[in-house]
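*Asks:* Supplied structure: upload16.cif, mmCIF, C-alpha atoms.
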data_protein
#
loop_
_atom_site.label_atom_id
_atom_site.label_comp_id
_atom_site.auth_asym_id
_atom_site.auth_seq_id
_atom_site.Cartn_x
_atom_site.Cartn_y
_atom_site.Cartn_z
CA MET S 16 9.24 21.72 65.14
CA PHE S 17 7.50 23.32 68.11
CA THR S 18 8.16 23.44 71.84
CA GLY S 19 4.64 23.36 73.24
CA ILE S 20 4.95 26.88 74.68
CA VAL S 21 1.70 28.45 73.48
CA GLU S 22 2.11 32.07 72.41
CA GLY S 23 -1.56 32.99 72.66
CA THR S 24 -5.03 32.08 71.50
CA GLY S 25 -6.72 32.88 68.21
CA THR S 26 -10.39 32.76 67.29
CA VAL S 27 -11.99 30.89 64.41
CA ARG S 28 -13.53 33.51 62.11
CA THR S 29 -14.91 31.34 59.34
CA ARG S 30 -14.95 27.70 58.21
CA THR S 31 -15.37 26.67 54.60
CA GLU S 32 -15.95 23.04 53.68
CA THR S 33 -14.56 21.85 50.36
CA ALA S 34 -14.57 18.58 48.46
CA ASP S 35 -11.07 17.83 49.76
CA GLY S 36 -11.29 19.02 53.36
CA LEU S 37 -11.85 22.17 55.37
CA ARG S 38 -10.47 25.71 55.33
CA LEU S 39 -10.34 27.77 58.53
CA ARG S 40 -9.74 31.48 58.91
CA ILE S 41 -8.30 32.28 62.32
CA GLY S 42 -8.19 35.74 63.84
CA VAL S 43 -4.97 36.67 65.61
CA ASP S 44 -5.40 40.36 66.27
CA GLY S 45 -3.47 41.27 69.40
CA VAL S 46 -1.40 38.07 69.51
CA ASP S 47 2.27 39.10 69.64
CA GLY S 48 4.38 38.00 66.67
CA PHE S 49 1.46 37.06 64.42
CA ASP S 50 1.31 40.36 62.53
CA ASP S 51 4.16 39.41 60.18
CA LEU S 52 3.18 35.91 59.04
CA ALA S 53 4.38 34.53 55.72
CA HIS S 54 2.86 32.20 53.16
CA GLY S 55 3.97 28.62 53.83
CA GLN S 56 4.80 29.24 57.48
CA SER S 57 4.04 26.43 59.93
CA ILE S 58 1.65 27.15 62.79
CA SER S 59 0.58 24.83 65.58
CA VAL S 60 -3.20 25.21 65.89
CA SER S 61 -4.25 23.52 69.14
CA GLY S 62 -1.41 21.08 68.61
CA VAL S 63 -1.92 20.41 64.89
CA CYS S 64 0.85 21.54 62.55
CA LEU S 65 -0.78 23.48 59.70
CA THR S 66 0.48 25.69 56.88
CA VAL S 67 -0.42 29.34 56.38
CA GLU S 68 -2.05 29.68 52.94
CA GLU S 69 -3.21 33.28 53.19
CA HIS S 70 -2.93 36.04 55.75
CA GLY S 71 -3.77 39.69 56.16
CA ARG S 72 -6.14 42.04 57.93
CA ALA S 73 -9.91 42.29 57.70
CA ALA S 74 -9.68 45.51 55.70
CA ASP S 75 -7.43 43.85 53.08
CA SER S 76 -8.89 43.12 49.66
CA GLY S 77 -5.85 41.37 48.16
CA GLY S 78 -4.90 37.72 48.06
CA GLY S 79 -8.27 36.61 46.83
CA ALA S 80 -9.74 36.61 50.32
CA THR S 81 -12.70 38.68 51.40
CA ALA S 82 -12.96 40.25 54.81
CA PRO S 83 -15.01 38.17 57.26
CA ALA S 84 -18.23 39.68 58.50
CA ASN S 85 -17.71 38.29 62.01
CA GLY S 86 -14.26 39.63 62.86
CA THR S 87 -11.74 42.41 62.39
CA GLY S 88 -7.99 42.68 62.55
CA ALA S 89 -5.21 40.26 61.58
CA TRP S 90 -6.02 36.74 60.38
CA PHE S 91 -4.55 33.74 58.59
CA GLU S 92 -6.06 30.81 56.73
CA VAL S 93 -5.12 27.13 56.85
CA PHE S 94 -6.39 24.09 54.97
CA LEU S 95 -7.19 20.82 56.70
CA ALA S 96 -6.97 17.76 54.47
CA ALA S 97 -9.58 15.03 54.91
CA GLU S 98 -7.16 12.94 57.00
CA THR S 99 -6.56 15.84 59.39
CA VAL S 100 -10.31 16.38 59.76
CA ALA S 101 -10.79 12.67 60.47
CA LYS S 102 -8.01 12.37 63.07
CA THR S 103 -8.50 15.63 64.99
CA TYR S 104 -11.43 17.59 66.36
CA LEU S 105 -10.61 20.69 64.31
CA GLY S 106 -13.39 19.73 61.94
CA ASP S 107 -15.88 20.37 64.75
CA LEU S 108 -14.73 23.95 65.34
CA ARG S 109 -17.17 26.74 64.66
CA ALA S 110 -16.86 30.52 64.34
CA GLY S 111 -16.03 32.00 67.72
CA ASP S 112 -14.13 28.97 69.05
CA ALA S 113 -10.68 29.63 70.52
CA VAL S 114 -7.52 27.76 69.50
CA ASN S 115 -4.00 27.64 70.94
CA LEU S 116 -1.31 29.05 68.66
CA GLU S 117 2.45 28.62 68.42
CA ARG S 118 4.79 29.48 65.56
CA ALA S 119 7.55 27.05 64.62
CA MET S 120 10.65 27.27 66.81
CA PRO S 121 13.47 29.42 65.36
CA ALA S 122 16.86 27.73 65.12
CA ASP S 123 18.36 30.25 67.54
CA GLY S 124 15.37 30.35 69.88
CA ARG S 125 15.07 29.36 73.53
CA PHE S 126 13.87 25.79 74.05
CA ASP S 127 11.50 26.10 77.04
CA GLY S 128 9.21 23.12 76.44
CA HIS S 129 9.99 19.78 74.80
CA VAL S 130 10.18 18.42 71.24
CA VAL S 131 6.71 18.83 69.74
CA GLN S 132 6.07 17.87 66.11
CA GLY S 133 2.48 19.00 65.78
CA HIS S 134 1.60 15.48 64.62
CA VAL S 135 -1.39 14.54 66.76
CA ASP S 136 -1.44 10.89 67.80
CA THR S 137 -5.02 10.69 68.99
CA VAL S 138 -7.86 12.58 70.67
CA ALA S 139 -8.23 12.20 74.43
CA GLU S 140 -11.01 13.45 76.69
CA VAL S 141 -11.12 15.71 79.72
CA ARG S 142 -12.38 13.51 82.56
CA ALA S 143 -12.23 15.92 85.51
CA ILE S 144 -11.06 19.40 86.52
CA GLU S 145 -10.26 20.28 90.12
CA ARG S 146 -9.14 23.59 91.61
CA VAL S 147 -6.19 23.05 93.95
CA GLY S 148 -5.22 26.29 95.67
CA GLU S 149 -4.16 28.67 92.91
CA ASP S 150 -3.61 25.84 90.45
CA TRP S 151 -5.81 23.34 88.64
CA ARG S 152 -5.56 19.57 88.29
CA PHE S 153 -6.85 18.18 85.01
CA THR S 154 -7.56 14.48 84.47
CA PHE S 155 -7.48 13.11 80.92
CA SER S 156 -8.37 9.75 79.44
CA ILE S 157 -5.68 7.49 78.02
CA PRO S 158 -6.84 6.33 74.58
CA GLU S 159 -6.30 2.65 73.87
CA GLY S 160 -2.78 1.79 72.73
CA HIS S 161 -1.15 4.98 73.99
CA GLY S 162 -0.61 4.26 77.68
CA ARG S 163 2.84 2.77 77.09
CA TYR S 164 4.11 6.17 75.90
CA LEU S 165 3.01 8.01 79.06
CA VAL S 166 5.07 7.94 82.27
CA ASP S 167 4.96 9.78 85.58
CA LYS S 168 6.83 13.09 85.32
CA GLY S 169 7.20 12.58 81.57
CA SER S 170 6.33 15.10 78.86
CA VAL S 171 3.05 15.13 76.95
CA THR S 172 1.44 17.61 74.56
CA LEU S 173 -2.25 18.44 74.98
CA ASP S 174 -3.86 20.83 72.49
CA GLY S 175 -0.35 22.03 71.65
CA ILE S 176 0.64 22.69 75.28
CA SER S 177 3.81 21.12 76.67
CA LEU S 178 2.84 19.60 80.02
CA THR S 179 4.25 17.22 82.61
CA ILE S 180 2.35 14.14 83.71
CA ALA S 181 1.81 14.46 87.47
CA GLU S 182 0.35 10.98 87.91
CA LYS S 183 -0.62 8.12 85.63
CA ARG S 184 -3.36 5.76 86.77
CA ASP S 185 -5.52 3.09 85.19
CA LYS S 186 -6.80 4.55 81.90
CA VAL S 187 -6.32 8.18 83.01
CA PHE S 188 -3.52 10.62 83.82
CA ASP S 189 -3.31 13.94 85.64
CA VAL S 190 -1.48 17.16 84.90
CA ALA S 191 -1.06 20.22 87.12
CA ILE S 192 -1.89 23.54 85.47
CA ILE S 193 -0.44 26.79 86.79
CA PRO S 194 -2.44 30.05 86.53
CA THR S 195 -0.37 31.40 83.61
CA THR S 196 -1.02 28.32 81.48
CA TYR S 197 -4.68 28.25 82.47
CA GLU S 198 -5.22 31.90 81.51
CA LEU S 199 -3.08 31.96 78.35
CA THR S 200 -4.51 28.82 76.71
CA THR S 201 -7.87 27.29 75.92
CA LEU S 202 -7.73 25.09 79.03
CA SER S 203 -9.73 27.75 80.85
CA GLU S 204 -12.64 26.98 78.48
CA LYS S 205 -12.51 23.21 78.84
CA SER S 206 -15.07 21.12 80.70
CA ALA S 207 -15.34 17.43 81.52
CA GLY S 208 -16.17 15.54 78.34
CA ASP S 209 -14.39 17.95 75.99
CA PRO S 210 -11.84 16.58 73.49
CA VAL S 211 -8.12 17.41 73.48
CA HIS S 212 -5.42 16.60 70.96
CA LEU S 213 -2.79 14.30 72.43
CA GLU S 214 0.75 14.01 71.10
CA VAL S 215 3.02 11.66 73.04
CA ASP S 216 6.73 12.32 73.49
CA VAL S 217 8.32 11.35 70.17
CA ILE S 218 11.42 10.12 72.02
CA ALA S 219 9.32 7.30 73.49
CA LYS S 220 8.32 6.19 70.00
CA TYR S 221 11.92 6.21 68.78
CA VAL S 222 12.98 4.09 71.78
CA GLU S 223 10.16 1.65 71.10
CA ASN S 224 11.17 1.38 67.44
CA MET S 225 14.81 0.71 68.33
CA LEU S 226 13.94 -1.93 70.94
CA ASP S 227 11.59 -3.79 68.59
CA GLY S 228 14.63 -5.36 66.94
CA TYR S 229 15.63 -6.95 70.26
CA ALA S 230 12.21 -8.41 71.08
#
How does this structure look as structure tokens?

*Replies:*
Amino acid sequence: MFTGIVEGTGTVRTRTETADGLRLRIGVDGVDGFDDLAHGQSISVSGVCLTVEEHGRAADSGGGATAPANGTGAWFEVFLAAETVAKTYLGDLRAGDAVNLERAMPADGRFDGHVVQGHVDTVAEVRAIERVGEDWRFTFSIPEGHGRYLVDKGSVTLDGISLTIAEKRDKVFDVAIIPTTYELTTLSEKSAGDPVHLEVDVIAKYVENMLDGYA
């Protein structure tokens, strides 16, 4: 489980396509807490829960991995199954692209965001970005069939970031982005038309499931 509080951004070093999916090597040099990763650890990569298969530093020769020519420092590798490639935009990432990163929440950790599973529901689109004083207002599309899970002042996860819906309108919704979130995450690199991973609040889906029996 995650909380949607992004710890930093990593950079795609390499992508390797296989018969079963896609393998990404992500550089994390300088990101606090990512220098002691372990095999099998869960990492939210722009909102997608993935498993660390290998990790190390560019100078390492162990683990069967060779140092990438386009990066130095700490890194980890994850594998994206065909279904993950089909349902997210991670398959479109290229070397040099930035991704939001968050390690799984420790049992005794502070819960600053909301319950985030890292199970992306769909891909939405950035519709507009507006500077409002020191903040930003982002407008996102509401993919068909997902509007019922979004409510004003409710929680939503976008590219792994726990955010609050400022306003929901016909087929779009807005969120307010403070400077810290803008600077720490990949939102600063987004433009109108770019994709974002959307995970609705899982509590809404549980409520819907429970009420189905009374319909």

*Asks:* At a cut-off of 9 Å, using all atoms listed in the file, what residues contact S:Leu65? Leave out same-chain residues fewer than 6 positions from it and give the result as a PDB file with C-alpha atoms, in the frame of the given file.

*Replies:*
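After the write, result.pdb holds the following:
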ATOM      1  CA  GLN S  56       4.800  29.240  57.480  1.00  0.00           C
ATOM      2  CA  SER S  57       4.040  26.430  59.930  1.00  0.00           C
ATOM      3  CA  ILE S  58       1.650  27.150  62.790  1.00  0.00           C
ATOM      4  CA  SER S  59       0.580  24.830  65.580  1.00  0.00           C
ATOM      5  CA  VAL S  93      -5.120  27.130  56.850  1.00  0.00           C
ATOM      6  CA  PHE S  94      -6.390  24.090  54.970  1.00  0.00           C
ATOM      7  CA  LEU S  95      -7.190  20.820  56.700  1.00  0.00           C
ATOM      8  CA  GLY S 133       2.480  19.000  65.780  1.00  0.00           C
TER       9      GLY S 133
END

*Asks:* Within 12 Å of S:Val63, counting only C-alpha atoms, which residues show up once you throw out same-chain ones fewer than 5 positions away? Write them as a PyMOL selection string, please.

*Replies:* chain S and resi 16-17+19+57-58+93-96+99-100+102-106+114-119+131-138+172-176+211-214

*Asks:* Using the chain letters and residue numbers of this document, give as an mmCIF file with C-alpha atoms, in the frame of the given file the residues selected by the PyMOL selection byres ((chain S and resi 52) around 10).

*Replies:*
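Ended up saving to expr-v4.cif:
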data_model
loop_
_atom_site.group_PDB
_atom_site.id
_atom_site.type_symbol
_atom_site.label_atom_id
_atom_site.label_comp_id
_atom_site.auth_asym_id
_atom_site.auth_seq_id
_atom_site.Cartn_x
_atom_site.Cartn_y
_atom_site.Cartn_z
ATOM 1 C CA GLY S 48 4.380 38.000 66.670
ATOM 2 C CA PHE S 49 1.460 37.060 64.420
ATOM 3 C CA ASP S 50 1.310 40.360 62.530
ATOM 4 C CA ASP S 51 4.160 39.410 60.180
ATOM 5 C CA ALA S 53 4.380 34.530 55.720
ATOM 6 C CA HIS S 54 2.860 32.200 53.160
ATOM 7 C CA GLY S 55 3.970 28.620 53.830
ATOM 8 C CA GLN S 56 4.800 29.240 57.480
ATOM 9 C CA SER S 57 4.040 26.430 59.930
ATOM 10 C CA ILE S 58 1.650 27.150 62.790
ATOM 11 C CA VAL S 67 -0.420 29.340 56.380
ATOM 12 C CA GLU S 69 -3.210 33.280 53.190
ATOM 13 C CA HIS S 70 -2.930 36.040 55.750
ATOM 14 C CA GLY S 71 -3.770 39.690 56.160
ATOM 15 C CA ALA S 89 -5.210 40.260 61.580
ATOM 16 C CA TRP S 90 -6.020 36.740 60.380
ATOM 17 C CA PHE S 91 -4.550 33.740 58.590
ATOM 18 C CA ARG S 118 4.790 29.480 65.560
#

*Asks:* Please write as a list in words the full residue list that the PyMOL selection byres ((chain S and resi 143) around 8) yields on this file.

*Replies:* Val141, Arg142, Ile144, Glu145, Phe153, Thr154, Phe155, Ser206 and Ala207 of chain S

*Asks:* Write out as a list of chain:residue names each polymer residue whose atoms come within 12 Å of S:Glu198, counting only C-alpha atoms; drop sequence neighbours fewer than 6 positions from it.

*Replies:* S:Val21, S:Glu22, S:Gly23, S:Thr24, S:Asn115, S:Glu149, S:Asp150, S:Trp151, S:Ile192, S:Glu204, S:Lys205

*Asks:* Report as lines of an AutoDock Vina configuration file the centre and the edge lengths, in Å to one decimal, of the axis-aligned box holding every listed atom of stretch 125-140 of chain S, padded by 5 Å on each side.

*Replies:*
center_x = 2.0
center_y = 20.0
center_z = 70.8
size_x = 36.1
size_y = 28.7
size_z = 22.4

*Asks:* Provide the atom CA of S:Ala73 to atom CA of S:Glu32 distance in Å, to one decimal place.

*Replies:* 20.6 Å

*Asks:* With distances taken over only C-alpha atoms, which of S:Arg146, S:Ser203, S:Val190, S:His129 is nearest to S:Asp216?

*Replies:*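 Checking each candidate against S:Asp216, we get S:His129 as the closest.
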
*Asks:* Rounded to one decimal, what separation in Å do you get between atom CA of S:Thr195 and atom CA of S:Ile157?

*Replies:* 25.1 Å

*Asks:* The PyMOL selection byres ((chain S and resi 166) around 9) - which residues does that actually catch in the file I just gave you? List them as a list of chain:residue names.

*Replies:* S:Gly162, S:Arg163, S:Tyr164, S:Leu165, S:Asp167, S:Lys168, S:Gly169, S:Ser170, S:Ile180, S:Ala181, S:Glu182, S:Lys183

*Asks:* Rounded to one decimal in Å, what is the spacing between atom CA of S:Thr18 and atom CA of S:Gly36?

*Replies:*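 Value for the atom CA of S:Thr18-atom CA of S:Gly36 distance: 27.2 Å.
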
*Asks:* May I have the protein, DNA and RNA residues with any atom at most 7 Å from the point (-14.2, 14.7, 73.8), counting only C-alpha atoms, written as a PyMOL selection string?

*Replies:* chain S and resi 139-141+208-211
